[in-house]
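Next comes final-v1.txt, with compact mmCIF, C-alpha atoms.
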# COMPACT_ATOMS: atom_id res chain seq x y z
CA ASP A 9 -10.46 -5.00 -11.59
CA THR A 10 -12.69 -5.70 -8.60
CA ALA A 11 -13.48 -9.40 -8.28
CA VAL A 12 -16.38 -9.22 -5.82
CA SER A 13 -17.98 -5.84 -5.30
CA GLN A 14 -20.71 -4.70 -2.94
CA THR A 15 -22.79 -1.56 -2.69
CA PRO A 16 -23.14 0.39 -0.59
CA LYS A 17 -20.02 0.21 1.57
CA TYR A 18 -21.77 1.95 4.46
CA LEU A 19 -25.46 2.04 5.26
CA VAL A 20 -26.94 3.96 8.17
CA THR A 21 -30.68 3.73 8.61
CA GLN A 22 -33.41 3.81 11.19
CA MET A 23 -35.29 0.94 12.75
CA GLY A 24 -38.26 -0.19 10.75
CA ASN A 25 -36.84 0.82 7.37
CA ASP A 26 -36.30 -1.53 4.43
CA LYS A 27 -32.91 -1.61 2.72
CA SER A 28 -31.03 -3.58 0.07
CA ILE A 29 -27.40 -4.50 -0.42
CA LYS A 30 -26.09 -5.49 -3.84
CA CYS A 31 -23.27 -7.82 -4.77
CA GLU A 32 -21.63 -8.58 -8.09
CA GLN A 33 -18.78 -10.88 -9.02
CA ASN A 34 -16.85 -10.85 -12.29
CA LEU A 35 -14.97 -14.09 -11.67
CA GLY A 36 -17.38 -16.31 -13.56
CA HIS A 37 -18.11 -18.25 -10.37
CA ASP A 38 -21.22 -20.39 -10.02
CA THR A 39 -21.81 -19.95 -6.29
CA MET A 40 -22.39 -16.87 -4.17
CA TYR A 41 -22.90 -16.37 -0.46
CA TRP A 42 -24.04 -13.86 2.13
CA TYR A 43 -22.29 -13.78 5.51
CA LYS A 44 -23.00 -11.69 8.57
CA GLN A 45 -20.10 -10.57 10.76
CA ASP A 46 -21.13 -9.27 14.16
CA SER A 47 -19.28 -6.87 16.44
CA LYS A 48 -17.23 -9.76 17.87
CA LYS A 49 -16.01 -10.60 14.37
CA PHE A 50 -17.96 -13.85 14.27
CA LEU A 51 -18.65 -14.81 10.65
CA LYS A 52 -21.87 -16.70 10.01
CA ILE A 53 -23.28 -17.87 6.72
CA MET A 54 -26.77 -16.70 5.90
CA PHE A 55 -27.52 -17.80 2.34
CA SER A 56 -25.89 -19.44 -0.63
CA TYR A 57 -26.95 -19.53 -4.27
CA ASN A 58 -25.63 -21.74 -7.02
CA ASN A 59 -26.53 -20.64 -10.54
CA LYS A 60 -29.47 -18.65 -9.22
CA GLU A 61 -30.72 -21.58 -7.12
CA LEU A 62 -30.92 -21.23 -3.33
CA ILE A 63 -28.84 -24.01 -1.78
CA ILE A 64 -28.20 -22.80 1.76
CA ASN A 65 -30.74 -21.01 3.87
CA GLU A 66 -29.59 -20.79 7.46
CA THR A 67 -31.84 -19.91 10.38
CA VAL A 68 -32.28 -16.30 9.40
CA PRO A 69 -35.37 -14.16 10.13
CA ASN A 70 -37.66 -14.06 7.11
CA ARG A 71 -37.16 -10.29 7.07
CA PHE A 72 -34.02 -11.16 5.10
CA SER A 73 -34.67 -12.11 1.52
CA PRO A 74 -31.90 -12.86 -0.95
CA LYS A 75 -32.37 -12.62 -4.67
CA SER A 76 -30.13 -13.76 -7.49
CA PRO A 77 -31.14 -12.36 -10.90
CA ASP A 78 -28.22 -14.16 -12.53
CA LYS A 79 -25.20 -16.09 -11.34
CA ALA A 80 -23.03 -12.96 -11.21
CA HIS A 81 -25.34 -11.08 -8.86
CA LEU A 82 -26.71 -11.74 -5.41
CA ASN A 83 -28.68 -9.10 -3.58
CA LEU A 84 -29.94 -9.00 -0.01
CA HIS A 85 -33.11 -7.20 0.95
CA ILE A 86 -33.90 -6.57 4.59
CA ASN A 87 -37.37 -5.55 5.77
CA SER A 88 -38.27 -3.84 9.01
CA LEU A 89 -34.70 -3.35 10.15
CA GLU A 90 -33.91 -3.93 13.82
CA LEU A 91 -31.05 -2.77 16.02
CA GLY A 92 -29.66 -6.31 16.09
CA ASP A 93 -29.24 -6.26 12.33
CA SER A 94 -26.30 -3.88 12.74
CA ALA A 95 -23.26 -5.76 11.45
CA VAL A 96 -20.95 -6.06 8.49
CA TYR A 97 -22.45 -8.09 5.67
CA PHE A 98 -20.04 -9.84 3.34
CA CYS A 99 -20.81 -11.26 -0.04
CA ALA A 100 -18.55 -14.05 -1.28
CA SER A 101 -18.25 -16.28 -4.31
CA SER A 102 -16.62 -19.58 -5.18
CA PRO A 103 -16.10 -21.39 -8.48
CA ARG A 104 -18.46 -24.27 -7.72
CA ARG A 105 -20.94 -25.25 -5.04
CA GLU A 106 -18.62 -27.88 -3.59
CA VAL A 107 -17.17 -26.58 -0.35
CA SER A 108 -13.67 -27.67 -1.31
CA TYR A 109 -13.24 -24.43 -3.24
CA GLU A 110 -11.88 -21.25 -1.71
CA GLN A 111 -14.21 -18.34 -1.26
CA TYR A 112 -13.58 -14.81 -2.46
CA PHE A 113 -15.06 -12.12 -0.26
CA GLY A 114 -16.30 -8.69 -1.19
CA PRO A 115 -15.25 -5.57 0.76
CA GLY A 116 -18.30 -5.73 3.03
CA THR A 117 -21.25 -3.46 3.78
CA ARG A 118 -21.30 -1.95 7.25
CA LEU A 119 -24.96 -1.63 8.25
CA THR A 120 -25.81 0.54 11.23
CA VAL A 121 -29.40 0.61 12.45
CA THR A 122 -30.27 3.46 14.80
CA GLY B 8 -25.01 -27.06 15.17
CA GLN B 9 -21.53 -27.63 13.90
CA GLN B 10 -18.87 -25.62 15.64
CA VAL B 11 -15.22 -24.92 15.12
CA MET B 12 -13.54 -23.78 18.33
CA GLN B 13 -10.61 -21.45 17.84
CA ILE B 14 -8.13 -20.24 20.47
CA PRO B 15 -6.82 -17.91 21.63
CA GLN B 16 -9.29 -15.10 21.07
CA TYR B 17 -6.54 -12.47 21.18
CA GLN B 18 -2.77 -12.54 20.97
CA HIS B 19 -0.55 -9.54 21.46
CA VAL B 20 3.09 -10.24 20.57
CA GLN B 21 6.30 -8.31 20.24
CA GLU B 22 7.55 -8.04 16.69
CA GLY B 23 9.86 -10.96 16.03
CA GLU B 24 8.03 -13.35 18.37
CA ASP B 25 6.17 -16.38 17.12
CA PHE B 26 2.41 -16.77 17.06
CA THR B 27 0.12 -19.80 16.94
CA THR B 28 -3.64 -20.15 16.66
CA TYR B 29 -5.49 -23.45 17.09
CA CYS B 30 -8.75 -24.83 15.79
CA ASN B 31 -10.70 -27.81 17.05
CA SER B 32 -13.77 -29.57 15.76
CA SER B 33 -15.85 -32.17 17.58
CA THR B 34 -16.36 -34.04 14.32
CA THR B 35 -14.04 -35.08 11.53
CA LEU B 36 -13.59 -32.44 8.86
CA SER B 37 -13.31 -33.19 5.16
CA ASN B 38 -10.94 -30.26 4.88
CA ILE B 39 -10.13 -26.98 6.58
CA GLN B 40 -9.42 -23.54 5.20
CA TRP B 41 -7.63 -20.57 6.73
CA TYR B 42 -8.43 -16.93 6.07
CA LYS B 43 -6.88 -13.63 7.14
CA GLN B 44 -8.84 -10.43 7.69
CA ARG B 45 -6.87 -7.21 8.04
CA PRO B 46 -8.41 -4.50 10.28
CA GLY B 47 -11.25 -2.90 8.35
CA GLY B 48 -10.84 -5.40 5.53
CA HIS B 49 -12.44 -8.57 4.31
CA PRO B 50 -11.44 -12.22 4.78
CA VAL B 51 -8.82 -13.38 2.31
CA PHE B 52 -8.16 -17.04 1.62
CA LEU B 53 -4.75 -18.28 2.75
CA ILE B 54 -4.73 -22.04 2.31
CA GLN B 55 -6.70 -25.27 2.37
CA LEU B 56 -5.66 -28.51 4.08
CA VAL B 57 -7.19 -31.78 2.99
CA LYS B 58 -5.07 -34.73 4.02
CA SER B 59 -4.66 -36.20 7.48
CA GLY B 60 -1.44 -34.92 9.07
CA GLU B 61 -0.85 -32.46 6.23
CA VAL B 62 1.67 -29.66 6.75
CA LYS B 63 1.93 -26.72 4.37
CA LYS B 64 4.19 -23.69 4.49
CA GLN B 65 3.88 -20.21 3.05
CA LYS B 66 7.05 -18.28 3.85
CA ARG B 67 6.82 -17.66 7.62
CA LEU B 68 3.40 -19.33 7.95
CA THR B 69 3.06 -23.05 8.73
CA PHE B 70 -0.30 -24.77 8.59
CA GLN B 71 -1.03 -28.20 10.05
CA PHE B 72 -4.00 -30.55 9.85
CA GLY B 73 -4.30 -33.11 12.62
CA GLU B 74 -4.05 -36.85 12.06
CA ALA B 75 -7.69 -37.30 13.01
CA LYS B 76 -8.70 -34.32 10.85
CA LYS B 77 -10.37 -32.71 13.83
CA ASN B 78 -7.84 -29.99 14.58
CA SER B 79 -5.60 -27.57 12.79
CA SER B 80 -3.07 -24.89 13.61
CA LEU B 81 -1.46 -21.87 12.03
CA HIS B 82 2.00 -20.88 13.21
CA ILE B 83 3.73 -17.64 12.23
CA THR B 84 7.46 -17.43 12.78
CA ALA B 85 9.03 -14.09 13.67
CA THR B 86 5.92 -11.95 13.36
CA GLN B 87 6.00 -8.66 11.51
CA THR B 88 3.68 -5.67 11.75
CA THR B 89 2.18 -6.71 8.43
CA ASP B 90 0.86 -9.86 10.10
CA VAL B 91 -1.71 -7.96 12.18
CA GLY B 92 -5.30 -8.97 11.64
CA THR B 93 -7.77 -11.69 12.48
CA TYR B 94 -7.00 -15.26 11.45
CA PHE B 95 -9.96 -17.56 10.87
CA CYS B 96 -10.08 -21.27 10.38
CA ALA B 97 -13.12 -22.64 8.58
CA GLY B 98 -14.25 -26.23 8.52
CA HIS B 99 -16.39 -27.88 5.91
CA TYR B 100 -19.54 -29.44 7.27
CA GLY B 101 -21.76 -30.85 4.58
CA ASN B 102 -22.30 -28.14 2.00
CA LYS B 103 -21.20 -25.16 4.07
CA LEU B 104 -18.17 -23.52 5.55
CA VAL B 105 -18.32 -22.96 9.32
CA PHE B 106 -15.90 -20.34 10.59
CA GLY B 107 -14.12 -20.34 13.90
CA ALA B 108 -14.44 -17.22 16.05
CA GLY B 109 -11.04 -16.00 14.86
CA THR B 110 -7.84 -15.03 16.63
CA ILE B 111 -6.98 -11.34 16.64
CA LEU B 112 -3.24 -10.80 16.31
CA ARG B 113 -1.64 -7.52 17.35
CA VAL B 114 2.08 -6.95 16.85
CA LYS B 115 4.03 -4.41 18.88
CA SER B 116 6.97 -2.91 17.06
Kindly present the structure from the file in structure tokens form.
Amino acid sequence: DTAVSQTPKYLVTQMGNDKSIKCEQNLGHDTMYWYKQDSKKFLKIMFSYNNKELIINETVPNRFSPKSPDKAHLNLHINSLELGDSAVYFCASSPRREVSYEQYFGPGTRLTVT
Amino acid sequence: GQQVMQIPQYQHVQEGEDFTTYCNSSTTLSNIQWYKQRPGGHPVFLIQLVKSGEVKKQKRLTFQFGEAKKNSSLHITATQTTDVGTYFCAGHYGNKLVFGAGTILRVKS
């Protein structure tokens, strides 16, 4: 039973294209996150949703648009992809919005922009 | 912005040697979490420290939270090849988790 799942696992695309990454959690958690991990392994939060409500929106280009149709799903759409968008994108979830809860990460989506 | 400094960046040890990674914050943390990411894998929660001066152990892993709640450490005794990976500390600032840059541990057998 996969707790936090992401699709696709790998995504190779050309500059200028638009792509989406999907995330689902079956843990019954209220809060979901998107993180970007660059080539140096640095993990940075991008967005967080709590019960479909956006609660964290870091300084991210507006080409990135998250969407949460329900509290078990959080998708990430990226417009006009650039070379610098190449990274591993992790979805995560936690039981509540309070940061005292541990986060459960998905397997990651490796995005390569050529 | 808020930063959690983590050192060293890399550590290459012989199997059986000890390993320590350190995290420092310029501001007081409400709590700190530690995660492990195996090569090619995703971060996995290890532990959370909340109290000033707290020490927690998980088998060969010892976690400490400083008295001022501004620093933390993870110590692994007698490393094994299964310990390889990147260890991240993450501090809570407001409503978000800010990760340190991670320490990559390699173990030579």
What are the nearest atom pairs, with distances in Å to one decimal, for all residues of chain B that come at most 7 Å from chain A, using all atoms listed in the file, set out by chain and rising residue number as a tab-separated table?
residue	atom	partner	partner_atom	distance
B:Gly48	CA	A:Pro115	CA	6.5
B:His49	CA	A:Pro115	CA	5.4
B:Pro50	CA	A:Phe113	CA	6.2
B:Val51	CA	A:Phe113	CA	6.9
B:Phe52	CA	A:Glu110	CA	6.5
B:His99	CA	A:Val107	CA	6.4
B:Asn102	CA	A:Val107	CA	5.9
B:Lys103	CA	A:Val107	CA	6.1
B:Leu104	CA	A:Val107	CA	6.7
B:Phe106	CA	A:Leu51	CA	6.2
B:Ala108	CA	A:Phe50	CA	5.2
Close residues, B:Thr27 itself excluded, 12 Å, all atoms listed in the file, min 5 positions apart in chain, as JSON, numbers by chain:
{"B": [13, 14, 15, 16, 17, 18, 19, 20, 67, 68, 69, 70, 71, 79, 80, 81, 82, 83, 84, 85, 86, 94, 95, 109, 110, 111, 112]}
Dump as a PyMOL selection string all residues having an atom at most 12 Å from (-31.1, -11.5, -5.8), computed in the file's coordinates with all atoms listed in the file.
chain A and resi 28-32+40-42+55-62+72-86+99
Would you mind exporting the chosen residues as a compact mmCIF listing (two decimals), keeping the file's coordinate frame, restricted to C-alpha atoms?
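Result file is selection_7.txt:
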# COMPACT_ATOMS: atom_id res chain seq x y z
CA SER A 28 -31.03 -3.58 0.07
CA ILE A 29 -27.40 -4.50 -0.42
CA LYS A 30 -26.09 -5.49 -3.84
CA CYS A 31 -23.27 -7.82 -4.77
CA GLU A 32 -21.63 -8.58 -8.09
CA MET A 40 -22.39 -16.87 -4.17
CA TYR A 41 -22.90 -16.37 -0.46
CA TRP A 42 -24.04 -13.86 2.13
CA PHE A 55 -27.52 -17.80 2.34
CA SER A 56 -25.89 -19.44 -0.63
CA TYR A 57 -26.95 -19.53 -4.27
CA ASN A 58 -25.63 -21.74 -7.02
CA ASN A 59 -26.53 -20.64 -10.54
CA LYS A 60 -29.47 -18.65 -9.22
CA GLU A 61 -30.72 -21.58 -7.12
CA LEU A 62 -30.92 -21.23 -3.33
CA PHE A 72 -34.02 -11.16 5.10
CA SER A 73 -34.67 -12.11 1.52
CA PRO A 74 -31.90 -12.86 -0.95
CA LYS A 75 -32.37 -12.62 -4.67
CA SER A 76 -30.13 -13.76 -7.49
CA PRO A 77 -31.14 -12.36 -10.90
CA ASP A 78 -28.22 -14.16 -12.53
CA LYS A 79 -25.20 -16.09 -11.34
CA ALA A 80 -23.03 -12.96 -11.21
CA HIS A 81 -25.34 -11.08 -8.86
CA LEU A 82 -26.71 -11.74 -5.41
CA ASN A 83 -28.68 -9.10 -3.58
CA LEU A 84 -29.94 -9.00 -0.01
CA HIS A 85 -33.11 -7.20 0.95
CA ILE A 86 -33.90 -6.57 4.59
CA CYS A 99 -20.81 -11.26 -0.04
Give the centre and edge lengths of an axis-aligned box, in Å to one decimal, that holds all listed atoms of stretch 99-111 of chain A with 8 Å on each side, as JSON.
{"center_x": -16.4, "center_y": -19.6, "center_z": -4.3, "size_x": 25.1, "size_y": 32.6, "size_z": 24.4}
Select all residues near (-9.1, -33.6, 10.1) (cut-off 10 Å, inclusive, file coordinates), counting all atoms listed in the file, and output them as a PDB file with C-alpha atoms, in the coordinates of the input.
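Produced file out-v6.pdb, reproduced below:
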ATOM      1  CA  ASN B  31     -10.700 -27.810  17.050  1.00  0.00           C
ATOM      2  CA  SER B  32     -13.770 -29.570  15.760  1.00  0.00           C
ATOM      3  CA  THR B  34     -16.360 -34.040  14.320  1.00  0.00           C
ATOM      4  CA  THR B  35     -14.040 -35.080  11.530  1.00  0.00           C
ATOM      5  CA  LEU B  36     -13.590 -32.440   8.860  1.00  0.00           C
ATOM      6  CA  SER B  37     -13.310 -33.190   5.160  1.00  0.00           C
ATOM      7  CA  ASN B  38     -10.940 -30.260   4.880  1.00  0.00           C
ATOM      8  CA  ILE B  39     -10.130 -26.980   6.580  1.00  0.00           C
ATOM      9  CA  LEU B  56      -5.660 -28.510   4.080  1.00  0.00           C
ATOM     10  CA  VAL B  57      -7.190 -31.780   2.990  1.00  0.00           C
ATOM     11  CA  LYS B  58      -5.070 -34.730   4.020  1.00  0.00           C
ATOM     12  CA  SER B  59      -4.660 -36.200   7.480  1.00  0.00           C
ATOM     13  CA  GLY B  60      -1.440 -34.920   9.070  1.00  0.00           C
ATOM     14  CA  GLU B  61      -0.850 -32.460   6.230  1.00  0.00           C
ATOM     15  CA  GLN B  71      -1.030 -28.200  10.050  1.00  0.00           C
ATOM     16  CA  PHE B  72      -4.000 -30.550   9.850  1.00  0.00           C
ATOM     17  CA  GLY B  73      -4.300 -33.110  12.620  1.00  0.00           C
ATOM     18  CA  GLU B  74      -4.050 -36.850  12.060  1.00  0.00           C
ATOM     19  CA  ALA B  75      -7.690 -37.300  13.010  1.00  0.00           C
ATOM     20  CA  LYS B  76      -8.700 -34.320  10.850  1.00  0.00           C
ATOM     21  CA  LYS B  77     -10.370 -32.710  13.830  1.00  0.00           C
ATOM     22  CA  ASN B  78      -7.840 -29.990  14.580  1.00  0.00           C
ATOM     23  CA  SER B  79      -5.600 -27.570  12.790  1.00  0.00           C
ATOM     24  CA  GLY B  98     -14.250 -26.230   8.520  1.00  0.00           C
TER      25      GLY B  98
END
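Atom pair atom CA of B:Val91 / atom CA of B:Cys30 has a distance of 18.6 Å (rounded to one decimal).
When atom CA of B:Gln10 is paired with atom CA of B:Lys63, their separation reads 23.7 Å.
For the pair atom CA of A:Asp38 and atom CA of B:Ala97, the interatomic distance is 20.4 Å.
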